[in-house]
$ cat query_35.cif   # mmCIF, C-alpha atoms
data_upload
loop_
_atom_site.label_atom_id
_atom_site.label_comp_id
_atom_site.auth_asym_id
_atom_site.auth_seq_id
_atom_site.Cartn_x
_atom_site.Cartn_y
_atom_site.Cartn_z
CA MET A 1 22.69 4.90 -12.85
CA ALA A 2 23.05 8.10 -10.91
CA THR A 3 24.63 8.92 -7.56
CA PHE A 4 22.73 11.62 -5.78
CA ALA A 5 24.30 14.14 -3.39
CA THR A 6 22.99 15.22 -0.02
CA ALA A 7 19.92 17.37 -0.50
CA SER A 8 17.54 19.54 1.41
CA ALA A 9 14.10 20.87 0.56
CA THR A 10 13.06 24.32 1.80
CA ARG A 11 9.50 25.54 1.68
CA PHE A 12 8.79 29.14 0.59
CA ALA A 13 5.54 31.00 1.25
CA ALA A 14 3.37 31.91 -1.75
CA ALA A 15 2.44 35.42 -0.69
CA ALA A 16 1.58 37.64 2.24
CA GLY A 17 -1.70 37.01 3.98
CA GLY A 18 -3.27 40.14 2.51
CA ALA A 19 -3.02 38.70 -0.97
CA PHE A 20 -5.75 36.25 -0.08
CA HIS A 21 -8.24 38.77 1.33
CA GLY A 22 -11.70 37.91 0.12
CA LEU A 23 -10.71 34.49 -1.32
CA ARG A 24 -13.36 31.90 -0.65
CA TRP A 25 -11.86 28.74 0.81
CA ARG A 26 -14.52 26.31 -0.36
CA CYS A 27 -14.53 22.78 1.14
CA CYS A 28 -11.31 23.41 3.04
CA PRO A 29 -10.77 23.97 6.77
CA PRO A 30 -8.86 26.97 8.17
CA ALA A 31 -5.74 24.83 8.47
CA TYR A 32 -5.66 24.47 4.69
CA GLN A 33 -5.68 28.26 4.28
CA ALA A 34 -2.98 28.61 6.90
CA ALA A 35 -0.74 26.22 4.99
CA PHE A 36 -0.41 28.81 2.24
CA LEU A 37 0.02 31.82 4.49
CA THR A 38 2.95 30.65 6.58
CA ALA A 39 6.20 32.46 5.98
CA ARG A 40 8.47 30.26 8.06
CA PRO A 41 11.10 28.38 6.02
CA ARG A 42 11.78 24.76 6.69
CA ALA A 43 14.46 22.34 5.59
CA VAL A 44 14.19 18.64 4.83
CA SER A 45 17.45 16.75 4.52
CA LEU A 46 17.69 14.13 1.79
CA THR A 47 20.74 11.92 2.09
CA PRO A 48 20.88 8.98 -0.34
CA GLN A 49 23.27 6.31 0.87
CA ARG A 50 23.76 4.17 -2.22
CA ARG A 51 23.29 4.09 -5.95
CA PHE A 52 19.86 3.36 -7.36
CA VAL A 53 18.27 2.82 -10.76
CA ALA A 54 17.89 6.18 -12.53
CA PRO A 55 18.63 7.19 -16.12
CA SER A 56 19.64 10.78 -15.36
CA ALA A 57 21.47 12.83 -12.72
CA LEU A 58 19.52 16.08 -12.92
CA TYR A 59 18.91 16.23 -9.21
CA LYS A 60 20.78 19.14 -7.58
CA ALA A 61 22.05 19.64 -4.06
CA ASP A 62 19.15 21.80 -2.87
CA ILE A 63 15.47 21.75 -3.69
CA GLN A 64 13.12 24.64 -2.98
CA THR A 65 9.47 25.17 -3.80
CA LYS A 66 7.95 28.24 -5.39
CA GLU A 67 4.22 28.87 -5.64
CA GLU A 68 2.80 30.69 -8.65
CA GLY A 69 -0.78 31.95 -8.76
CA LEU A 70 -3.34 31.85 -5.97
CA PRO A 71 -4.41 28.64 -4.23
CA GLU A 72 -7.72 27.23 -5.41
CA THR A 73 -7.43 28.81 -8.85
CA LEU A 74 -6.80 27.18 -12.22
CA ASP A 75 -3.42 28.93 -12.49
CA PHE A 76 -2.01 27.78 -9.15
CA ARG A 77 1.23 25.78 -9.42
CA VAL A 78 3.92 24.65 -6.98
CA PHE A 79 7.23 24.45 -8.83
CA PHE A 80 10.41 22.82 -7.57
CA LEU A 81 13.73 24.63 -8.03
CA ASP A 82 17.33 23.50 -7.72
CA ASP A 83 20.04 25.49 -5.92
CA SER A 84 20.61 27.67 -9.00
CA GLY A 85 16.93 28.58 -9.23
CA LYS A 86 16.23 26.36 -12.24
CA LYS A 87 13.03 24.35 -12.35
CA VAL A 88 13.26 20.62 -11.76
CA SER A 89 10.64 17.89 -11.64
CA PRO A 90 9.41 16.46 -8.32
CA TRP A 91 8.56 13.31 -10.24
CA HIS A 92 11.74 12.79 -12.25
CA ASP A 93 14.51 14.65 -10.43
CA VAL A 94 13.93 13.95 -6.73
CA PRO A 95 15.63 10.61 -5.98
CA LEU A 96 13.42 7.73 -4.93
CA HIS A 97 15.79 5.89 -2.62
CA VAL A 98 17.34 7.37 0.51
CA GLY A 99 18.88 4.16 1.88
CA ASP A 100 18.19 1.44 4.46
CA GLY A 101 14.66 0.86 3.20
CA VAL A 102 13.76 4.56 3.35
CA PHE A 103 12.26 6.50 0.44
CA ASN A 104 11.52 10.09 -0.48
CA PHE A 105 7.85 11.03 -0.49
CA VAL A 106 6.56 14.20 -2.19
CA VAL A 107 3.46 15.59 -0.48
CA GLU A 108 0.68 16.65 -2.83
CA ILE A 109 -2.27 16.78 -0.41
CA PRO A 110 -1.83 17.61 3.29
CA LYS A 111 -3.96 15.72 5.75
CA VAL A 112 -7.22 17.40 6.83
CA SER A 113 -7.80 19.07 3.45
CA SER A 114 -10.04 18.37 0.47
CA ALA A 115 -8.54 20.16 -2.56
CA LYS A 116 -7.43 17.41 -4.97
CA MET A 117 -3.82 18.38 -5.66
CA GLU A 118 -1.58 16.35 -7.95
CA VAL A 119 1.62 16.43 -9.95
CA ALA A 120 0.82 17.66 -13.45
CA THR A 121 2.40 14.77 -15.33
CA ASP A 122 1.69 16.34 -18.72
CA GLU A 123 3.26 19.75 -18.00
CA PRO A 124 6.97 20.68 -18.24
CA PHE A 125 8.74 20.13 -14.90
CA THR A 126 5.55 18.44 -13.59
CA PRO A 127 4.56 21.04 -10.95
CA ILE A 128 1.86 20.35 -8.40
CA LYS A 129 -1.54 21.78 -9.34
CA GLN A 130 -5.18 21.31 -8.37
CA ASP A 131 -6.87 18.70 -10.50
CA THR A 132 -9.74 19.77 -12.74
CA LYS A 133 -12.73 18.17 -14.43
CA LYS A 134 -14.56 19.94 -17.25
CA GLY A 135 -12.66 23.11 -16.42
CA LYS A 136 -13.63 23.15 -12.75
CA LEU A 137 -11.39 22.58 -9.74
CA ARG A 138 -11.81 19.21 -8.09
CA TYR A 139 -12.36 18.55 -4.39
CA TYR A 140 -12.83 15.38 -2.44
CA PRO A 141 -16.31 15.19 -0.92
CA TYR A 142 -14.69 15.21 2.53
CA ASN A 143 -11.26 15.79 4.01
CA ILE A 144 -8.53 13.24 3.58
CA ASN A 145 -7.20 12.07 6.93
CA TRP A 146 -3.58 11.37 5.97
CA ASN A 147 -0.78 13.09 4.10
CA TYR A 148 -1.02 11.98 0.49
CA GLY A 149 1.35 12.19 -2.43
CA LEU A 150 3.76 10.27 -4.63
CA LEU A 151 6.96 8.28 -4.73
CA PRO A 152 9.29 10.02 -7.21
CA GLN A 153 10.84 8.01 -10.01
CA THR A 154 8.02 5.48 -10.11
CA TRP A 155 5.41 4.89 -12.83
CA GLU A 156 2.42 2.59 -13.14
CA ASP A 157 2.75 1.41 -16.72
CA PRO A 158 -0.63 1.46 -18.53
CA SER A 159 0.59 -1.21 -20.96
CA PHE A 160 1.40 -3.71 -18.20
CA ALA A 161 -1.35 -6.07 -17.03
CA ASN A 162 -0.68 -7.20 -13.46
CA ALA A 163 -1.55 -10.87 -13.24
CA GLU A 164 -1.58 -10.73 -9.43
CA VAL A 165 -4.26 -8.00 -9.41
CA GLU A 166 -6.94 -9.28 -11.78
CA GLY A 167 -4.93 -8.37 -14.85
CA ALA A 168 -5.46 -4.64 -14.19
CA PHE A 169 -3.31 -2.18 -16.14
CA GLY A 170 -1.35 0.64 -14.52
CA ASP A 171 -2.99 4.07 -14.24
CA ASN A 172 -0.17 6.02 -15.98
CA ASP A 173 0.81 7.91 -12.81
CA PRO A 174 3.52 7.74 -10.15
CA VAL A 175 2.84 5.45 -7.20
CA ASP A 176 0.71 7.02 -4.47
CA VAL A 177 1.68 7.17 -0.80
CA VAL A 178 -0.63 7.44 2.21
CA GLU A 179 1.50 8.69 5.11
CA ILE A 180 -0.08 7.91 8.49
CA GLY A 181 2.06 10.05 10.81
CA GLU A 182 0.54 12.59 13.17
CA ARG A 183 2.11 15.74 11.68
CA ARG A 184 0.26 17.66 8.99
CA ALA A 185 2.69 18.20 6.14
CA LYS A 186 2.54 20.94 3.51
CA ILE A 187 2.19 20.85 -0.25
CA GLY A 188 5.64 20.24 -1.74
CA ASP A 189 7.20 18.81 1.41
CA ILE A 190 9.69 16.01 0.76
CA LEU A 191 9.61 13.53 3.63
CA LYS A 192 11.67 10.46 4.39
CA VAL A 193 9.29 7.54 4.83
CA LYS A 194 9.43 3.81 5.31
CA PRO A 195 6.80 1.66 3.59
CA LEU A 196 4.65 -0.57 5.76
CA ALA A 197 1.94 -2.01 3.52
CA ALA A 198 0.37 -1.84 0.06
CA LEU A 199 -3.25 -1.62 -1.10
CA ALA A 200 -4.09 -2.61 -4.68
CA MET A 201 -6.89 -0.22 -5.59
CA ILE A 202 -8.67 -0.79 -8.89
CA ASP A 203 -10.22 2.42 -10.19
CA GLU A 204 -12.41 1.93 -13.26
CA GLY A 205 -10.27 -1.03 -14.27
CA GLU A 206 -6.92 0.67 -13.66
CA LEU A 207 -4.47 -0.40 -10.98
CA ASP A 208 -3.69 2.47 -8.60
CA TRP A 209 -1.31 1.35 -5.86
CA LYS A 210 -1.51 2.95 -2.42
CA ILE A 211 1.66 2.49 -0.40
CA VAL A 212 1.00 2.96 3.30
CA ALA A 213 4.04 4.55 4.93
CA ILE A 214 5.15 6.60 7.92
CA SER A 215 7.52 9.55 8.14
CA LEU A 216 10.73 8.85 10.03
CA ASP A 217 10.18 11.92 12.19
CA ASP A 218 6.89 10.59 13.57
CA PRO A 219 7.05 9.72 17.30
CA ARG A 220 5.77 6.21 16.60
CA ALA A 221 7.90 5.51 13.54
CA SER A 222 10.24 3.18 15.42
CA LEU A 223 7.28 1.06 16.54
CA VAL A 224 6.00 0.17 13.08
CA ASN A 225 7.96 -1.83 10.52
CA ASP A 226 5.33 -3.98 8.80
CA VAL A 227 1.61 -4.35 8.25
CA ASP A 228 0.96 -6.11 11.57
CA ASP A 229 2.61 -3.26 13.46
CA VAL A 230 0.21 -0.82 11.83
CA GLU A 231 -2.74 -2.81 13.14
CA LYS A 232 -1.18 -2.86 16.60
CA HIS A 233 -0.12 0.76 16.97
CA PHE A 234 -2.58 2.42 14.56
CA PRO A 235 -5.64 0.19 15.07
CA GLY A 236 -8.27 0.55 12.38
CA THR A 237 -6.10 2.72 10.14
CA LEU A 238 -5.65 0.25 7.28
CA THR A 239 -9.38 -0.39 7.14
CA ALA A 240 -10.08 3.34 7.27
CA ILE A 241 -7.68 4.02 4.38
CA ARG A 242 -9.18 1.25 2.25
CA ASP A 243 -12.74 2.38 2.95
CA TRP A 244 -11.94 6.06 2.31
CA PHE A 245 -10.50 5.34 -1.13
CA ARG A 246 -13.19 2.79 -1.86
CA ASP A 247 -16.04 5.23 -1.22
CA TYR A 248 -14.86 8.76 -2.05
CA LYS A 249 -16.42 8.76 -5.54
CA ILE A 250 -19.83 7.54 -4.42
CA PRO A 251 -21.17 11.04 -3.54
CA ASP A 252 -20.56 11.99 -7.20
CA GLY A 253 -22.74 9.13 -8.36
CA LYS A 254 -19.90 6.81 -9.34
CA PRO A 255 -19.46 3.20 -8.22
CA ALA A 256 -17.17 2.28 -5.36
CA ASN A 257 -13.56 1.47 -6.18
CA GLN A 258 -12.43 -2.13 -5.83
CA PHE A 259 -9.35 -3.69 -4.26
CA GLY A 260 -7.29 -6.67 -5.30
CA LEU A 261 -5.12 -9.00 -3.22
CA GLY A 262 -8.13 -10.29 -1.30
CA ASN A 263 -9.31 -6.80 -0.38
CA LYS A 264 -6.56 -6.64 2.22
CA ALA A 265 -3.34 -4.70 2.72
CA ALA A 266 -0.22 -6.58 1.61
CA ASN A 267 2.86 -6.58 3.81
CA LYS A 268 6.03 -4.50 3.67
CA ASP A 269 7.89 -6.93 1.42
CA TYR A 270 5.11 -6.74 -1.13
CA ALA A 271 5.14 -2.95 -0.91
CA LEU A 272 8.88 -2.97 -1.62
CA LYS A 273 8.25 -5.25 -4.59
CA VAL A 274 5.71 -2.76 -5.98
CA ILE A 275 8.17 0.10 -5.52
CA THR A 276 10.98 -1.79 -7.26
CA GLU A 277 8.80 -2.81 -10.21
CA THR A 278 7.36 0.68 -10.73
CA ASN A 279 10.82 2.25 -10.49
CA GLU A 280 11.95 -0.12 -13.23
CA SER A 281 8.93 0.94 -15.31
CA TRP A 282 9.84 4.60 -14.78
CA THR A 283 13.41 3.89 -15.89
CA LYS A 284 12.13 2.38 -19.14
CA LEU A 285 9.90 5.42 -19.59
CA MET A 286 12.79 7.83 -19.15
CA ARG A 287 14.94 5.82 -21.57
CA ARG A 288 12.10 6.03 -24.11
CA SER A 289 11.88 2.24 -24.17
CA VAL A 290 8.11 2.60 -23.89
CA PRO A 291 5.84 5.29 -25.38
CA ALA A 292 5.46 8.37 -23.18
CA GLY A 293 2.26 9.63 -24.77
CA ASP A 294 1.36 12.99 -23.27
CA LEU A 295 3.64 12.58 -20.25
CA SER A 296 6.30 15.24 -19.72
CA LEU A 297 9.78 13.79 -19.31
CA VAL A 298 11.45 17.20 -18.87
#

$ encode --input "query_35.cif" --output "structure tokens"
Amino acid sequence: MATFATASATRFAAAAGGAFHGLRWRCCPPAYQAAFLTARPRAVSLTPQRRFVAPSALYKADIQTKEEGLPETLDFRVFFLDDSGKKVSPWHDVPLHVGDGVFNFVVEIPKVSSAKMEVATDEPFTPIKQDTKKGKLRYYPYNINWNYGLLPQTWEDPSFANAEVEGAFGDNDPVDVVEIGERRAKIGDILKVKPLAALAMIDEGELDWKIVAISLDDPRASLVNDVDDVEKHFPGTLTAIRDWFRDYKIPDGKPANQFGLGNKAANKDYALKVITETNESWTKLMRRSVPAGDLSLV
């Protein structure tokens, strides 16, 4: 068990605008380019209010991000640093639980962008990078309409067959979050969110949970507390999220993804159950109770 101190996350710019002169921003709107050229620092306060399951206490008081390499290149990485400048992992060292049903959410892909960014789970300190396939950078066929990322200190165990979702095994990644607020976040942002629903996506036989959540700083955050509230105040959003993730591989000639749980979004209580179970799986992983394979636990 680990007690985590008050924390803040400050975003640093990667480089001056001139460093990107002549770079081709393929498949990405101007807003995506602007996300890397901003030089204004921001702070995100993280204030855990109680103890939570965690096998280590590596998390420091302050978290900053540092970009290495140029965006949309194979070398681009977003590292996370503690207050002494040492690298830490956004997956393992940022606390999951903030308190009162609120969780930390690490943004990998800002809304209205198409570069497929992800935490590099097999690299030391698990920085954020752009995913690749056969040595080429990956892009979604169209922009994603929500902020997308992960819940730290969670893991979908590939050795566990979920009897409630057609016996599908975990996809060996942290749990994904789809944040439906109106603000466009930035890569590496750490936001306080409350979960509202869960979608059980099955991707080529693997279970890939999508937790639908909203940032606490969103103007409508107080209006939504469960799946029915999402339908009321964000009509059509749950269907749009399900259909987006169902169909995004079709342009590449792959079959549509499937969804368990009756092809519908489960409620908040079920989402909390998923978070609890995957945090327990992560704890076992960090204690080496289950094989880590190629995953980095640094």

$ closest_residue --input "query_35.cif" --among "A:Leu191, A:Val112, A:Ile202, A:Leu261" --to "Phe169 of chain A" --atoms "all atoms listed in the file"
A:Ile202

$ atom_distance --input "query_35.cif" --atom1 "atom CA of Val224 of chain A" --atom2 "atom CA of Glu156 of chain A"
26.6 Å

$ resolve_selection --input "query_35.cif" --expression "the PyMOL selection byres ((chain A and resi 133-146) around 8)" --output "compact mmCIF listing (two decimals) with C-alpha atoms, keeping the file's coordinate frame"
# COMPACT_ATOMS: atom_id res chain seq x y z
CA CYS A 27 -14.53 22.78 1.14
CA CYS A 28 -11.31 23.41 3.04
CA GLU A 72 -7.72 27.23 -5.41
CA THR A 73 -7.43 28.81 -8.85
CA LEU A 74 -6.80 27.18 -12.22
CA PRO A 110 -1.83 17.61 3.29
CA LYS A 111 -3.96 15.72 5.75
CA VAL A 112 -7.22 17.40 6.83
CA SER A 113 -7.80 19.07 3.45
CA SER A 114 -10.04 18.37 0.47
CA ALA A 115 -8.54 20.16 -2.56
CA LYS A 116 -7.43 17.41 -4.97
CA GLN A 130 -5.18 21.31 -8.37
CA ASP A 131 -6.87 18.70 -10.50
CA THR A 132 -9.74 19.77 -12.74
CA ASN A 147 -0.78 13.09 4.10
CA TYR A 148 -1.02 11.98 0.49
CA VAL A 178 -0.63 7.44 2.21
CA GLU A 179 1.50 8.69 5.11
CA ILE A 180 -0.08 7.91 8.49
CA GLY A 181 2.06 10.05 10.81
CA ARG A 184 0.26 17.66 8.99
CA TYR A 248 -14.86 8.76 -2.05
CA LYS A 249 -16.42 8.76 -5.54
CA PRO A 251 -21.17 11.04 -3.54

$ atom_distance --input "query_35.cif" --atom1 "atom CA of Val78 of chain A" --atom2 "atom CA of Ile187 of chain A"
7.9 Å

$ residues_near_point --input "query_35.cif" --point "(5.2, 3.7, 5.6)" --cutoff "6 Å" --atoms "only C-alpha atoms" --output "MDAnalysis selection string"
chainID A and resid 193:196 212:214

$ resolve_selection --input "query_35.cif" --expression "the PyMOL selection byres ((chain A and resi 121-124) around 7)" --output "ChimeraX atom specification"
/A:119-120,125-126,294-296,298

$ build_atoms --input "query_35.cif" --residues "segment 90-114 of chain A" --atoms "N, CA and C atoms" --output "CSV table (one decimal), in the frame of the given file"
chain,number,residue,atom,x,y,z
A,90,PRO,N,9.5,17.3,-9.5
A,90,PRO,CA,9.4,16.5,-8.3
A,90,PRO,C,9.2,15.0,-8.6
A,91,TRP,N,8.8,14.7,-9.8
A,91,TRP,CA,8.6,13.3,-10.2
A,91,TRP,C,9.9,12.7,-10.7
A,92,HIS,N,10.6,13.4,-11.6
A,92,HIS,CA,11.7,12.8,-12.2
A,92,HIS,C,13.1,13.1,-11.6
A,93,ASP,N,13.2,14.2,-10.9
A,93,ASP,CA,14.5,14.6,-10.4
A,93,ASP,C,14.8,14.5,-8.9
A,94,VAL,N,13.7,14.3,-8.1
A,94,VAL,CA,13.9,14.0,-6.7
A,94,VAL,C,14.2,12.4,-6.7
A,95,PRO,N,15.3,12.0,-6.0
A,95,PRO,CA,15.6,10.6,-6.0
A,95,PRO,C,14.6,9.8,-5.2
A,96,LEU,N,14.4,8.6,-5.6
A,96,LEU,CA,13.4,7.7,-4.9
A,96,LEU,C,14.0,7.2,-3.6
A,97,HIS,N,15.2,6.7,-3.7
A,97,HIS,CA,15.8,5.9,-2.6
A,97,HIS,C,16.7,6.7,-1.8
A,98,VAL,N,16.5,6.7,-0.4
A,98,VAL,CA,17.3,7.4,0.5
A,98,VAL,C,18.4,6.4,1.1
A,99,GLY,N,18.0,5.2,1.3
A,99,GLY,CA,18.9,4.2,1.9
A,99,GLY,C,18.3,3.5,3.1
A,100,ASP,N,18.7,2.2,3.3
A,100,ASP,CA,18.2,1.4,4.5
A,100,ASP,C,16.7,1.3,4.5
A,101,GLY,N,16.1,1.1,3.3
A,101,GLY,CA,14.7,0.9,3.2
A,101,GLY,C,13.8,2.1,3.4
A,102,VAL,N,14.4,3.3,3.2
A,102,VAL,CA,13.8,4.6,3.4
A,102,VAL,C,13.7,5.2,2.0
A,103,PHE,N,12.5,5.9,1.7
A,103,PHE,CA,12.3,6.5,0.4
A,103,PHE,C,11.8,7.9,0.6
A,104,ASN,N,12.0,8.7,-0.4
A,104,ASN,CA,11.5,10.1,-0.5
A,104,ASN,C,10.1,10.1,-0.9
A,105,PHE,N,9.3,10.9,-0.3
A,105,PHE,CA,7.8,11.0,-0.5
A,105,PHE,C,7.5,12.5,-0.7
A,106,VAL,N,6.9,12.8,-1.9
A,106,VAL,CA,6.6,14.2,-2.2
A,106,VAL,C,5.1,14.4,-1.8
A,107,VAL,N,4.8,15.4,-1.0
A,107,VAL,CA,3.5,15.6,-0.5
A,107,VAL,C,2.7,16.4,-1.5
A,108,GLU,N,1.6,15.9,-2.0
A,108,GLU,CA,0.7,16.6,-2.8
A,108,GLU,C,-0.5,17.2,-2.1
A,109,ILE,N,-1.1,16.4,-1.1
A,109,ILE,CA,-2.3,16.8,-0.4
A,109,ILE,C,-2.0,16.6,1.1
A,110,PRO,N,-2.0,17.7,1.8
A,110,PRO,CA,-1.8,17.6,3.3
A,110,PRO,C,-3.1,17.0,3.9
A,111,LYS,N,-2.8,16.3,5.0
A,111,LYS,CA,-4.0,15.7,5.8
A,111,LYS,C,-4.9,16.8,6.2
A,112,VAL,N,-6.2,16.5,6.4
A,112,VAL,CA,-7.2,17.4,6.8
A,112,VAL,C,-7.4,18.5,5.8
A,113,SER,N,-7.5,18.1,4.5
A,113,SER,CA,-7.8,19.1,3.4
A,113,SER,C,-8.6,18.3,2.4
A,114,SER,N,-9.2,19.0,1.5
A,114,SER,CA,-10.0,18.4,0.5
A,114,SER,C,-9.7,18.8,-1.0
